[in-house]
>>> print(open('input-v4.cif').read())   # mmCIF, C-alpha atoms
data_query
#
loop_
_atom_site.group_PDB
_atom_site.id
_atom_site.type_symbol
_atom_site.label_atom_id
_atom_site.label_comp_id
_atom_site.auth_asym_id
_atom_site.auth_seq_id
_atom_site.Cartn_x
_atom_site.Cartn_y
_atom_site.Cartn_z
ATOM 1 C CA MET B 1 0.000 0.000 0.000
ATOM 2 C CA ALA B 2 1.531 3.283 -1.124
ATOM 3 C CA LYS B 3 1.529 5.926 1.571
ATOM 4 C CA ASN B 4 3.370 8.715 -0.209
ATOM 5 C CA ILE B 5 4.292 9.852 -3.692
ATOM 6 C CA HIS B 6 7.870 8.552 -3.321
ATOM 7 C CA GLU B 7 6.535 4.987 -3.229
ATOM 8 C CA CYS B 8 4.988 5.670 -6.644
ATOM 9 C CA ASP B 9 8.118 7.111 -8.261
ATOM 10 C CA LEU B 10 8.166 5.809 -11.833
ATOM 11 C CA ASN B 11 11.905 6.469 -12.022
ATOM 12 C CA CYS B 12 12.364 3.346 -9.917
ATOM 13 C CA ILE B 13 11.755 -0.021 -11.514
ATOM 14 C CA THR B 14 9.740 -1.627 -8.776
ATOM 15 C CA ASP B 15 6.242 -2.936 -8.242
ATOM 16 C CA HIS B 16 3.875 0.001 -7.856
ATOM 17 C CA PRO B 17 0.374 -0.490 -6.401
ATOM 18 C CA ILE B 18 -1.678 0.817 -9.319
ATOM 19 C CA LYS B 19 -4.825 2.036 -7.557
ATOM 20 C CA GLU B 20 -2.990 3.598 -4.640
ATOM 21 C CA CYS B 21 -0.482 5.346 -6.899
ATOM 22 C CA THR B 22 -3.256 6.645 -9.127
ATOM 23 C CA ASP B 23 -4.970 8.107 -6.052
ATOM 24 C CA LEU B 24 -1.718 9.729 -4.930
ATOM 25 C CA TYR B 25 -1.109 11.194 -8.414
ATOM 26 C CA GLU B 26 -4.626 12.612 -8.412
ATOM 27 C CA LYS B 27 -4.106 14.189 -4.965
ATOM 28 C CA LYS B 28 -0.771 15.632 -6.089
ATOM 29 C CA ILE B 29 -2.328 17.291 -9.151
ATOM 30 C CA SER B 30 -5.312 18.627 -7.208
ATOM 31 C CA SER B 31 -2.967 20.144 -4.618
ATOM 32 C CA LEU B 32 -1.122 22.236 -7.209
ATOM 33 C CA THR B 33 -1.978 25.893 -7.662
ATOM 34 C CA GLU B 34 -2.836 27.214 -11.113
ATOM 35 C CA THR B 35 0.551 28.953 -11.195
ATOM 36 C CA GLN B 36 2.323 25.671 -10.444
ATOM 37 C CA LYS B 37 0.296 23.838 -13.077
ATOM 38 C CA GLN B 38 1.157 26.480 -15.652
ATOM 39 C CA TYR B 39 4.839 26.248 -14.734
ATOM 40 C CA PHE B 40 4.792 22.463 -15.230
ATOM 41 C CA GLU B 41 2.901 22.803 -18.525
ATOM 42 C CA ASP B 42 5.574 25.235 -19.715
ATOM 43 C CA GLU B 43 8.301 22.803 -18.594
ATOM 44 C CA PHE B 44 6.521 20.001 -20.433
ATOM 45 C CA LYS B 45 6.556 22.026 -23.668
ATOM 46 C CA LYS B 46 10.242 22.916 -23.219
ATOM 47 C CA ILE B 47 11.178 19.279 -22.670
ATOM 48 C CA LEU B 48 9.399 18.244 -25.867
ATOM 49 C CA ASN B 49 11.582 20.648 -27.855
ATOM 50 C CA HIS B 50 14.752 18.704 -27.009
ATOM 51 C CA LYS B 51 16.172 16.865 -30.033
ATOM 52 C CA VAL B 52 17.464 13.691 -28.342
ATOM 53 C CA LEU B 53 14.562 11.314 -27.642
ATOM 54 C CA TRP B 54 16.049 9.399 -24.715
ATOM 55 C CA VAL B 55 16.801 12.720 -23.003
ATOM 56 C CA VAL B 56 13.169 13.786 -23.494
ATOM 57 C CA SER B 57 11.996 10.502 -21.972
ATOM 58 C CA GLU B 58 14.308 10.873 -18.988
ATOM 59 C CA LYS B 59 13.244 14.477 -18.363
ATOM 60 C CA LEU B 60 9.560 13.538 -18.656
ATOM 61 C CA ALA B 61 10.059 10.795 -16.076
ATOM 62 C CA TYR B 62 11.390 13.368 -13.632
ATOM 63 C CA LEU B 63 8.641 15.866 -14.510
ATOM 64 C CA PHE B 64 6.064 13.160 -13.778
ATOM 65 C CA LYS B 65 7.224 13.102 -10.138
ATOM 66 C CA ASP B 66 6.042 16.693 -9.710
ATOM 67 C CA TYR B 67 3.317 16.766 -12.344
ATOM 68 C CA PRO B 68 1.817 13.258 -12.600
ATOM 69 C CA THR B 69 -0.663 13.697 -15.433
ATOM 70 C CA SER B 70 -1.814 11.120 -17.940
ATOM 71 C CA THR B 71 -0.475 13.287 -20.776
ATOM 72 C CA VAL B 72 3.039 13.412 -19.328
ATOM 73 C CA LEU B 73 3.082 9.646 -18.708
ATOM 74 C CA PHE B 74 1.615 8.776 -22.115
ATOM 75 C CA THR B 75 4.065 11.063 -23.912
ATOM 76 C CA LYS B 76 6.983 9.486 -22.038
ATOM 77 C CA LEU B 77 5.809 5.986 -22.951
ATOM 78 C CA GLN B 78 5.338 6.941 -26.607
ATOM 79 C CA ILE B 79 8.832 8.401 -26.762
ATOM 80 C CA ASP B 80 10.219 5.234 -25.171
ATOM 81 C CA GLU B 81 8.490 3.310 -27.951
ATOM 82 C CA LYS B 82 10.071 5.564 -30.591
ATOM 83 C CA VAL B 83 13.490 4.866 -29.080
ATOM 84 C CA ASP B 84 12.746 1.123 -29.130
ATOM 85 C CA LYS B 85 11.537 1.318 -32.743
ATOM 86 C CA ALA B 86 14.704 3.163 -33.751
ATOM 87 C CA ASN B 87 16.648 0.208 -32.355
ATOM 88 C CA LYS B 88 14.176 -2.422 -33.501
ATOM 89 C CA ASP B 89 16.851 -4.591 -35.089
ATOM 90 C CA ASP B 90 18.220 -5.184 -31.597
ATOM 91 C CA THR B 91 18.520 -8.951 -31.241
ATOM 92 C CA THR B 92 18.592 -8.855 -27.445
ATOM 93 C CA LYS B 93 16.644 -11.796 -26.116
ATOM 94 C CA VAL B 94 13.773 -11.318 -23.692
ATOM 95 C CA SER B 95 13.448 -14.225 -21.306
ATOM 96 C CA PHE B 96 11.859 -14.716 -17.912
ATOM 97 C CA GLY B 97 14.342 -17.396 -16.952
ATOM 98 C CA ASP B 98 17.503 -15.323 -17.473
ATOM 99 C CA PRO B 99 18.467 -13.980 -14.024
ATOM 100 C CA VAL B 100 21.000 -11.480 -15.394
ATOM 101 C CA SER B 101 18.710 -9.993 -18.047
ATOM 102 C CA TRP B 102 17.138 -6.640 -17.239
ATOM 103 C CA VAL B 103 15.068 -6.678 -20.444
ATOM 104 C CA TYR B 104 12.149 -8.788 -19.143
ATOM 105 C CA GLY B 105 11.920 -6.603 -16.019
ATOM 106 C CA ASN B 106 12.005 -3.474 -18.132
ATOM 107 C CA TYR B 107 9.041 -4.658 -20.220
ATOM 108 C CA GLU B 108 7.243 -5.630 -17.010
ATOM 109 C CA PHE B 109 7.804 -2.055 -15.799
ATOM 110 C CA ILE B 110 6.504 -0.624 -19.090
ATOM 111 C CA LEU B 111 3.418 -2.826 -18.742
ATOM 112 C CA GLN B 112 2.880 -1.527 -15.225
ATOM 113 C CA GLN B 113 3.142 2.083 -16.414
ATOM 114 C CA TYR B 114 0.486 1.417 -19.068
ATOM 115 C CA LYS B 115 -1.742 -0.120 -16.380
ATOM 116 C CA ILE B 116 -1.294 2.980 -14.236
ATOM 117 C CA LEU B 117 -2.060 5.226 -17.216
ATOM 118 C CA SER B 118 -5.145 3.203 -18.102
ATOM 119 C CA HIS B 119 -6.398 3.369 -14.525
ATOM 120 C CA MET B 120 -5.781 7.141 -14.394
ATOM 121 C CA LEU B 121 -7.859 7.637 -17.535
ATOM 122 C CA GLU B 122 -10.646 5.220 -16.589
ATOM 123 C CA LYS B 123 -10.959 6.860 -13.196
ATOM 124 C CA LYS B 124 -11.389 10.245 -14.847
ATOM 125 C CA GLY B 125 -14.665 9.172 -16.454
ATOM 126 C CA LYS B 126 -15.620 11.500 -19.292
ATOM 127 C CA LEU B 127 -12.668 11.656 -21.672
ATOM 128 C CA GLU B 128 -11.752 14.010 -24.465
ATOM 129 C CA THR B 129 -10.945 12.503 -27.879
ATOM 130 C CA GLU B 130 -7.183 12.593 -27.242
ATOM 131 C CA GLU B 131 -7.646 10.863 -23.889
ATOM 132 C CA LYS B 132 -9.852 8.177 -25.464
ATOM 133 C CA ASN B 133 -7.039 7.532 -27.942
ATOM 134 C CA MET B 134 -4.504 7.324 -25.098
ATOM 135 C CA LEU B 135 -6.754 4.835 -23.284
ATOM 136 C CA SER B 136 -7.227 2.727 -26.398
ATOM 137 C CA ILE B 137 -3.473 2.555 -27.050
ATOM 138 C CA SER B 138 -2.822 1.782 -23.376
ATOM 139 C CA LYS B 139 -5.284 -1.111 -23.370
ATOM 140 C CA GLN B 140 -3.754 -2.513 -26.562
ATOM 141 C CA ARG B 141 -0.252 -2.319 -25.022
ATOM 142 C CA ILE B 142 -1.473 -3.912 -21.785
ATOM 143 C CA GLN B 143 -3.029 -6.808 -23.668
ATOM 144 C CA CYS B 144 -0.078 -7.376 -26.000
ATOM 145 C CA LEU B 145 2.737 -6.963 -23.472
ATOM 146 C CA GLY B 146 0.758 -8.874 -20.864
ATOM 147 C CA ASP B 147 0.240 -11.840 -23.190
ATOM 148 C CA ILE B 148 3.912 -12.011 -24.209
ATOM 149 C CA LEU B 149 5.289 -11.588 -20.689
ATOM 150 C CA ASP B 150 2.794 -14.074 -19.281
ATOM 151 C CA ASP B 151 3.802 -16.635 -21.913
ATOM 152 C CA LEU B 152 7.488 -16.094 -21.139
ATOM 153 C CA SER B 153 6.916 -16.353 -17.385
ATOM 154 C CA HIS B 154 5.282 -19.758 -17.843
ATOM 155 C CA ASN B 155 7.972 -21.032 -20.212
ATOM 156 C CA PHE B 156 11.346 -20.476 -18.555
ATOM 157 C CA ASP B 157 13.305 -21.854 -21.505
ATOM 158 C CA LYS B 158 11.519 -19.664 -24.052
ATOM 159 C CA SER B 159 12.836 -16.323 -25.259
ATOM 160 C CA VAL B 160 11.899 -13.766 -27.918
ATOM 161 C CA ASP B 161 13.853 -10.988 -29.576
ATOM 162 C CA LYS B 162 13.076 -7.428 -28.528
ATOM 163 C CA LYS B 163 12.210 -6.928 -32.203
ATOM 164 C CA PHE B 164 9.328 -9.422 -31.815
ATOM 165 C CA ILE B 165 7.809 -7.358 -28.986
ATOM 166 C CA ILE B 166 8.365 -4.081 -30.840
ATOM 167 C CA ASP B 167 6.804 -5.392 -34.067
ATOM 168 C CA LYS B 168 3.888 -7.052 -32.315
ATOM 169 C CA CYS B 169 2.997 -4.501 -29.637
ATOM 170 C CA TYR B 170 4.139 -1.071 -30.863
ATOM 171 C CA GLN B 171 1.969 -0.661 -33.946
#
>>> encode(input="input-v4.cif", output="C-alpha cells")
Amino acid sequence: MAKNIHECDLNCITDHPIKECTDLYEKKISSLTETQKQYFEDEFKKILNHKVLWVVSEKLAYLFKDYPTSTVLFTKLQIDEKVDKANKDDTTKVSFGDPVSWVYGNYEFILQQYKILSHMLEKKGKLETEEKNMLSISKQRIQCLGDILDDLSHNFDKSVDKKFIIDKCYQ
C-alpha cells in the first residue's frame, strides 16, 4: 500500500500499487496551484523541444514526479516506444528465466506504467478525444505486453527478440 508519492516514483523499476499510486497522483495534481500547473505545462513544452529522444523521456520521467498527469506519462511511454523502434533490429533476447537480463523486467515495468495510465484515464470518467485515444493505445499495449510476458513467465526456456515485442505490440 503506497503511503506517499515517493513509493509511486516511476523512475524506480519496482512494483507500484496501481490504484494507490493513481490516487496519490490525483491528490498531487489537485494540490497544485494554477501557477504551479502552468509552470509544469511550460516545462513540459520545453522538454518536448529537445532533439534527443532518450533525453526527453528521462526528463519527462522526472517531470512526472512533480506533475503526474496522464499526458506526461503517455508522452513518455510513446517516446520510449520511438526509441525502441529506432533500435528495432536489436537482437537482445527477452526471457523470464535469465536472471541477469534486465530486459524482461524493463518490459514488465513498461506494462505496469500502461496499467497505471489506463487506470488514471478510466478513473477520470468523461474523456476528451485525445484521452480516449490514449486509453485505447494503453489497453492494446497492456493486452499485448501482458500476453507475451505471461507466456514467457510460464515457459522459462523460451525467449523472444526485442524486435518481436516491438513489431507485435508497438503498432
>>> resolve_selection(input="input-v4.cif", expression="the PyMOL selection byres ((chain B and resi 18-33) around 6)", output="list in words")
Ala2, Cys8, His16, Pro17, Glu34, Thr35, Gln36, Pro68, Ile116 and Met120 of chain B
>>> closest_residue(input="input-v4.cif", among="B:Ser101, B:Asn133, B:Thr92, B:Ser159", to="Leu121 (chain B)", atoms="only C-alpha atoms")
B:Asn133
>>> residues_around(input="input-v4.cif", residues="region 154-158 of chain B", least_positions_apart="5", cutoff="7 Å", atoms="only C-alpha atoms", output="mmCIF file with C-alpha atoms, in the frame of the given file")
data_model
loop_
_atom_site.group_PDB
_atom_site.id
_atom_site.type_symbol
_atom_site.label_atom_id
_atom_site.label_comp_id
_atom_site.auth_asym_id
_atom_site.auth_seq_id
_atom_site.Cartn_x
_atom_site.Cartn_y
_atom_site.Cartn_z
ATOM 1 C CA SER B 95 13.448 -14.225 -21.306
ATOM 2 C CA PHE B 96 11.859 -14.716 -17.912
ATOM 3 C CA GLY B 97 14.342 -17.396 -16.952
#
>>> resolve_selection(input="input-v4.cif", expression="the PyMOL selection byres ((chain B and resi 64) around 12)", output="PDB file with C-alpha atoms, in the coordinates of the input")
ATOM      1  CA  ILE B   5       4.292   9.852  -3.692  1.00  0.00           C
ATOM      2  CA  HIS B   6       7.870   8.552  -3.321  1.00  0.00           C
ATOM      3  CA  CYS B   8       4.988   5.670  -6.644  1.00  0.00           C
ATOM      4  CA  ASP B   9       8.118   7.111  -8.261  1.00  0.00           C
ATOM      5  CA  LEU B  10       8.166   5.809 -11.833  1.00  0.00           C
ATOM      6  CA  ASN B  11      11.905   6.469 -12.022  1.00  0.00           C
ATOM      7  CA  TYR B  25      -1.109  11.194  -8.414  1.00  0.00           C
ATOM      8  CA  GLU B  26      -4.626  12.612  -8.412  1.00  0.00           C
ATOM      9  CA  LYS B  28      -0.771  15.632  -6.089  1.00  0.00           C
ATOM     10  CA  ILE B  29      -2.328  17.291  -9.151  1.00  0.00           C
ATOM     11  CA  PHE B  40       4.792  22.463 -15.230  1.00  0.00           C
ATOM     12  CA  GLU B  41       2.901  22.803 -18.525  1.00  0.00           C
ATOM     13  CA  GLU B  43       8.301  22.803 -18.594  1.00  0.00           C
ATOM     14  CA  PHE B  44       6.521  20.001 -20.433  1.00  0.00           C
ATOM     15  CA  ILE B  47      11.178  19.279 -22.670  1.00  0.00           C
ATOM     16  CA  SER B  57      11.996  10.502 -21.972  1.00  0.00           C
ATOM     17  CA  GLU B  58      14.308  10.873 -18.988  1.00  0.00           C
ATOM     18  CA  LYS B  59      13.244  14.477 -18.363  1.00  0.00           C
ATOM     19  CA  LEU B  60       9.560  13.538 -18.656  1.00  0.00           C
ATOM     20  CA  ALA B  61      10.059  10.795 -16.076  1.00  0.00           C
ATOM     21  CA  TYR B  62      11.390  13.368 -13.632  1.00  0.00           C
ATOM     22  CA  LEU B  63       8.641  15.866 -14.510  1.00  0.00           C
ATOM     23  CA  LYS B  65       7.224  13.102 -10.138  1.00  0.00           C
ATOM     24  CA  ASP B  66       6.042  16.693  -9.710  1.00  0.00           C
ATOM     25  CA  TYR B  67       3.317  16.766 -12.344  1.00  0.00           C
ATOM     26  CA  PRO B  68       1.817  13.258 -12.600  1.00  0.00           C
ATOM     27  CA  THR B  69      -0.663  13.697 -15.433  1.00  0.00           C
ATOM     28  CA  SER B  70      -1.814  11.120 -17.940  1.00  0.00           C
ATOM     29  CA  THR B  71      -0.475  13.287 -20.776  1.00  0.00           C
ATOM     30  CA  VAL B  72       3.039  13.412 -19.328  1.00  0.00           C
ATOM     31  CA  LEU B  73       3.082   9.646 -18.708  1.00  0.00           C
ATOM     32  CA  PHE B  74       1.615   8.776 -22.115  1.00  0.00           C
ATOM     33  CA  THR B  75       4.065  11.063 -23.912  1.00  0.00           C
ATOM     34  CA  LYS B  76       6.983   9.486 -22.038  1.00  0.00           C
ATOM     35  CA  LEU B  77       5.809   5.986 -22.951  1.00  0.00           C
ATOM     36  CA  GLN B 113       3.142   2.083 -16.414  1.00  0.00           C
ATOM     37  CA  LEU B 117      -2.060   5.226 -17.216  1.00  0.00           C
TER      38      LEU B 117
END
>>> axis_aligned_box(input="input-v4.cif", around="region 155-161 of chain B", padding_each_side="8 Å", output="lines of an AutoDock Vina configuration file")
center_x = 10.9
center_y = -16.4
center_z = -24.1
size_x = 21.9
size_y = 26.9
size_z = 27.0
>>> resolve_selection(input="input-v4.cif", expression="the PyMOL selection byres ((chain B and resi 143-151) around 8)", output="list in words")
Phe96, Tyr104, Tyr107, Glu108, Leu111, Lys139, Gln140, Arg141, Ile142, Leu152, Ser153, His154, Asn155, Ile165, Lys168 and Cys169 of chain B
>>> atom_distance(input="input-v4.cif", atom1="CA of Thr91 (chain B)", atom2="CA of Tyr114 (chain B)")
24.1 Å
>>> atom_distance(input="input-v4.cif", atom1="CA of Gln112 (chain B)", atom2="CA of Tyr170 (chain B)")
15.7 Å
>>> atom_distance(input="input-v4.cif", atom1="CA of Lys163 (chain B)", atom2="CA of Gln78 (chain B)")
16.5 Å
>>> residues_around(input="input-v4.cif", residues="Gln171 (chain B)", least_positions_apart="4", cutoff="10 Å", atoms="all atoms listed in the file", output="PyMOL selection string")
chain B and resi 81+85+137+140-141+166-167
>>> decode(input="input-v4.cif", residues="region 30-70 of chain B", atoms="N, CA and C atoms", output="PDB file, in the first residue's frame")
ATOM      1  N   SER B  30      -4.283  17.748  -7.775  1.00  0.00           N
ATOM      2  CA  SER B  30      -5.312  18.627  -7.208  1.00  0.00           C
ATOM      3  C   SER B  30      -4.734  19.589  -6.166  1.00  0.00           C
ATOM      4  N   SER B  31      -3.574  19.259  -5.615  1.00  0.00           N
ATOM      5  CA  SER B  31      -2.967  20.144  -4.618  1.00  0.00           C
ATOM      6  C   SER B  31      -2.164  21.284  -5.249  1.00  0.00           C
ATOM      7  N   LEU B  32      -1.918  21.199  -6.541  1.00  0.00           N
ATOM      8  CA  LEU B  32      -1.122  22.236  -7.209  1.00  0.00           C
ATOM      9  C   LEU B  32      -1.950  23.488  -7.450  1.00  0.00           C
ATOM     10  N   THR B  33      -1.312  24.630  -7.330  1.00  0.00           N
ATOM     11  CA  THR B  33      -1.978  25.893  -7.662  1.00  0.00           C
ATOM     12  C   THR B  33      -1.996  26.047  -9.184  1.00  0.00           C
ATOM     13  N   GLU B  34      -2.795  26.956  -9.668  1.00  0.00           N
ATOM     14  CA  GLU B  34      -2.836  27.214 -11.113  1.00  0.00           C
ATOM     15  C   GLU B  34      -1.475  27.690 -11.619  1.00  0.00           C
ATOM     16  N   THR B  35      -0.780  28.477 -10.820  1.00  0.00           N
ATOM     17  CA  THR B  35       0.551  28.953 -11.195  1.00  0.00           C
ATOM     18  C   THR B  35       1.518  27.778 -11.325  1.00  0.00           C
ATOM     19  N   GLN B  36       1.464  26.855 -10.376  1.00  0.00           N
ATOM     20  CA  GLN B  36       2.323  25.671 -10.444  1.00  0.00           C
ATOM     21  C   GLN B  36       1.993  24.812 -11.663  1.00  0.00           C
ATOM     22  N   LYS B  37       0.709  24.633 -11.914  1.00  0.00           N
ATOM     23  CA  LYS B  37       0.296  23.838 -13.077  1.00  0.00           C
ATOM     24  C   LYS B  37       0.807  24.477 -14.368  1.00  0.00           C
ATOM     25  N   GLN B  38       0.685  25.780 -14.449  1.00  0.00           N
ATOM     26  CA  GLN B  38       1.157  26.480 -15.652  1.00  0.00           C
ATOM     27  C   GLN B  38       2.672  26.339 -15.805  1.00  0.00           C
ATOM     28  N   TYR B  39       3.388  26.430 -14.705  1.00  0.00           N
ATOM     29  CA  TYR B  39       4.839  26.248 -14.734  1.00  0.00           C
ATOM     30  C   TYR B  39       5.185  24.863 -15.286  1.00  0.00           C
ATOM     31  N   PHE B  40       4.511  23.828 -14.776  1.00  0.00           N
ATOM     32  CA  PHE B  40       4.792  22.463 -15.230  1.00  0.00           C
ATOM     33  C   PHE B  40       4.378  22.253 -16.684  1.00  0.00           C
ATOM     34  N   GLU B  41       3.300  22.881 -17.102  1.00  0.00           N
ATOM     35  CA  GLU B  41       2.901  22.803 -18.525  1.00  0.00           C
ATOM     36  C   GLU B  41       3.974  23.445 -19.404  1.00  0.00           C
ATOM     37  N   ASP B  42       4.498  24.575 -18.967  1.00  0.00           N
ATOM     38  CA  ASP B  42       5.574  25.235 -19.715  1.00  0.00           C
ATOM     39  C   ASP B  42       6.825  24.360 -19.761  1.00  0.00           C
ATOM     40  N   GLU B  43       7.156  23.719 -18.639  1.00  0.00           N
ATOM     41  CA  GLU B  43       8.301  22.803 -18.594  1.00  0.00           C
ATOM     42  C   GLU B  43       8.085  21.628 -19.545  1.00  0.00           C
ATOM     43  N   PHE B  44       6.881  21.110 -19.555  1.00  0.00           N
ATOM     44  CA  PHE B  44       6.521  20.001 -20.433  1.00  0.00           C
ATOM     45  C   PHE B  44       6.789  20.385 -21.895  1.00  0.00           C
ATOM     46  N   LYS B  45       6.351  21.559 -22.286  1.00  0.00           N
ATOM     47  CA  LYS B  45       6.556  22.026 -23.668  1.00  0.00           C
ATOM     48  C   LYS B  45       8.039  22.214 -23.983  1.00  0.00           C
ATOM     49  N   LYS B  46       8.793  22.740 -23.019  1.00  0.00           N
ATOM     50  CA  LYS B  46      10.242  22.916 -23.219  1.00  0.00           C
ATOM     51  C   LYS B  46      10.937  21.574 -23.412  1.00  0.00           C
ATOM     52  N   ILE B  47      10.565  20.612 -22.589  1.00  0.00           N
ATOM     53  CA  ILE B  47      11.178  19.279 -22.670  1.00  0.00           C
ATOM     54  C   ILE B  47      10.937  18.678 -24.050  1.00  0.00           C
ATOM     55  N   LEU B  48       9.741  18.837 -24.568  1.00  0.00           N
ATOM     56  CA  LEU B  48       9.399  18.244 -25.867  1.00  0.00           C
ATOM     57  C   LEU B  48      10.202  18.848 -27.020  1.00  0.00           C
ATOM     58  N   ASN B  49      10.775  20.012 -26.812  1.00  0.00           N
ATOM     59  CA  ASN B  49      11.582  20.648 -27.855  1.00  0.00           C
ATOM     60  C   ASN B  49      12.998  20.089 -27.953  1.00  0.00           C
ATOM     61  N   HIS B  50      13.407  19.282 -26.976  1.00  0.00           N
ATOM     62  CA  HIS B  50      14.752  18.704 -27.009  1.00  0.00           C
ATOM     63  C   HIS B  50      14.849  17.739 -28.188  1.00  0.00           C
ATOM     64  N   LYS B  51      15.993  17.667 -28.813  1.00  0.00           N
ATOM     65  CA  LYS B  51      16.172  16.865 -30.033  1.00  0.00           C
ATOM     66  C   LYS B  51      16.498  15.390 -29.777  1.00  0.00           C
ATOM     67  N   VAL B  52      17.048  15.061 -28.623  1.00  0.00           N
ATOM     68  CA  VAL B  52      17.464  13.691 -28.342  1.00  0.00           C
ATOM     69  C   VAL B  52      16.341  12.980 -27.574  1.00  0.00           C
ATOM     70  N   LEU B  53      15.754  11.950 -28.204  1.00  0.00           N
ATOM     71  CA  LEU B  53      14.562  11.314 -27.642  1.00  0.00           C
ATOM     72  C   LEU B  53      14.767  10.719 -26.262  1.00  0.00           C
ATOM     73  N   TRP B  54      15.882  10.019 -26.036  1.00  0.00           N
ATOM     74  CA  TRP B  54      16.049   9.399 -24.715  1.00  0.00           C
ATOM     75  C   TRP B  54      16.181  10.457 -23.627  1.00  0.00           C
ATOM     76  N   VAL B  55      16.707  11.622 -23.973  1.00  0.00           N
ATOM     77  CA  VAL B  55      16.801  12.720 -23.003  1.00  0.00           C
ATOM     78  C   VAL B  55      15.393  13.239 -22.679  1.00  0.00           C
ATOM     79  N   VAL B  56      14.552  13.350 -23.703  1.00  0.00           N
ATOM     80  CA  VAL B  56      13.169  13.786 -23.494  1.00  0.00           C
ATOM     81  C   VAL B  56      12.467  12.802 -22.553  1.00  0.00           C
ATOM     82  N   SER B  57      12.626  11.520 -22.812  1.00  0.00           N
ATOM     83  CA  SER B  57      11.996  10.502 -21.972  1.00  0.00           C
ATOM     84  C   SER B  57      12.459  10.618 -20.528  1.00  0.00           C
ATOM     85  N   GLU B  58      13.757  10.763 -20.341  1.00  0.00           N
ATOM     86  CA  GLU B  58      14.308  10.873 -18.988  1.00  0.00           C
ATOM     87  C   GLU B  58      13.777  12.119 -18.273  1.00  0.00           C
ATOM     88  N   LYS B  59      13.741  13.240 -18.975  1.00  0.00           N
ATOM     89  CA  LYS B  59      13.244  14.477 -18.363  1.00  0.00           C
ATOM     90  C   LYS B  59      11.749  14.382 -18.047  1.00  0.00           C
ATOM     91  N   LEU B  60      10.990  13.714 -18.924  1.00  0.00           N
ATOM     92  CA  LEU B  60       9.560  13.538 -18.656  1.00  0.00           C
ATOM     93  C   LEU B  60       9.330  12.656 -17.432  1.00  0.00           C
ATOM     94  N   ALA B  61      10.178  11.660 -17.253  1.00  0.00           N
ATOM     95  CA  ALA B  61      10.059  10.795 -16.076  1.00  0.00           C
ATOM     96  C   ALA B  61      10.240  11.609 -14.794  1.00  0.00           C
ATOM     97  N   TYR B  62      11.184  12.522 -14.815  1.00  0.00           N
ATOM     98  CA  TYR B  62      11.390  13.368 -13.632  1.00  0.00           C
ATOM     99  C   TYR B  62      10.284  14.403 -13.473  1.00  0.00           C
ATOM    100  N   LEU B  63       9.762  14.922 -14.582  1.00  0.00           N
ATOM    101  CA  LEU B  63       8.641  15.866 -14.510  1.00  0.00           C
ATOM    102  C   LEU B  63       7.415  15.172 -13.916  1.00  0.00           C
ATOM    103  N   PHE B  64       7.227  13.902 -14.270  1.00  0.00           N
ATOM    104  CA  PHE B  64       6.064  13.160 -13.778  1.00  0.00           C
ATOM    105  C   PHE B  64       6.027  13.103 -12.255  1.00  0.00           C
ATOM    106  N   LYS B  65       7.185  13.114 -11.611  1.00  0.00           N
ATOM    107  CA  LYS B  65       7.224  13.102 -10.138  1.00  0.00           C
ATOM    108  C   LYS B  65       6.499  14.312  -9.558  1.00  0.00           C
ATOM    109  N   ASP B  66       6.651  15.462 -10.203  1.00  0.00           N
ATOM    110  CA  ASP B  66       6.042  16.693  -9.710  1.00  0.00           C
ATOM    111  C   ASP B  66       4.704  16.998 -10.373  1.00  0.00           C
ATOM    112  N   TYR B  67       4.504  16.452 -11.550  1.00  0.00           N
ATOM    113  CA  TYR B  67       3.317  16.766 -12.344  1.00  0.00           C
ATOM    114  C   TYR B  67       2.782  15.476 -12.975  1.00  0.00           C
ATOM    115  N   PRO B  68       2.216  14.587 -12.137  1.00  0.00           N
ATOM    116  CA  PRO B  68       1.817  13.258 -12.600  1.00  0.00           C
ATOM    117  C   PRO B  68       0.492  13.236 -13.371  1.00  0.00           C
ATOM    118  N   THR B  69       0.539  13.708 -14.602  1.00  0.00           N
ATOM    119  CA  THR B  69      -0.663  13.697 -15.433  1.00  0.00           C
ATOM    120  C   THR B  69      -0.594  12.555 -16.442  1.00  0.00           C
ATOM    121  N   SER B  70      -1.757  12.182 -16.935  1.00  0.00           N
ATOM    122  CA  SER B  70      -1.814  11.120 -17.940  1.00  0.00           C
ATOM    123  C   SER B  70      -1.089  11.534 -19.214  1.00  0.00           C
TER     124      SER B  70
END
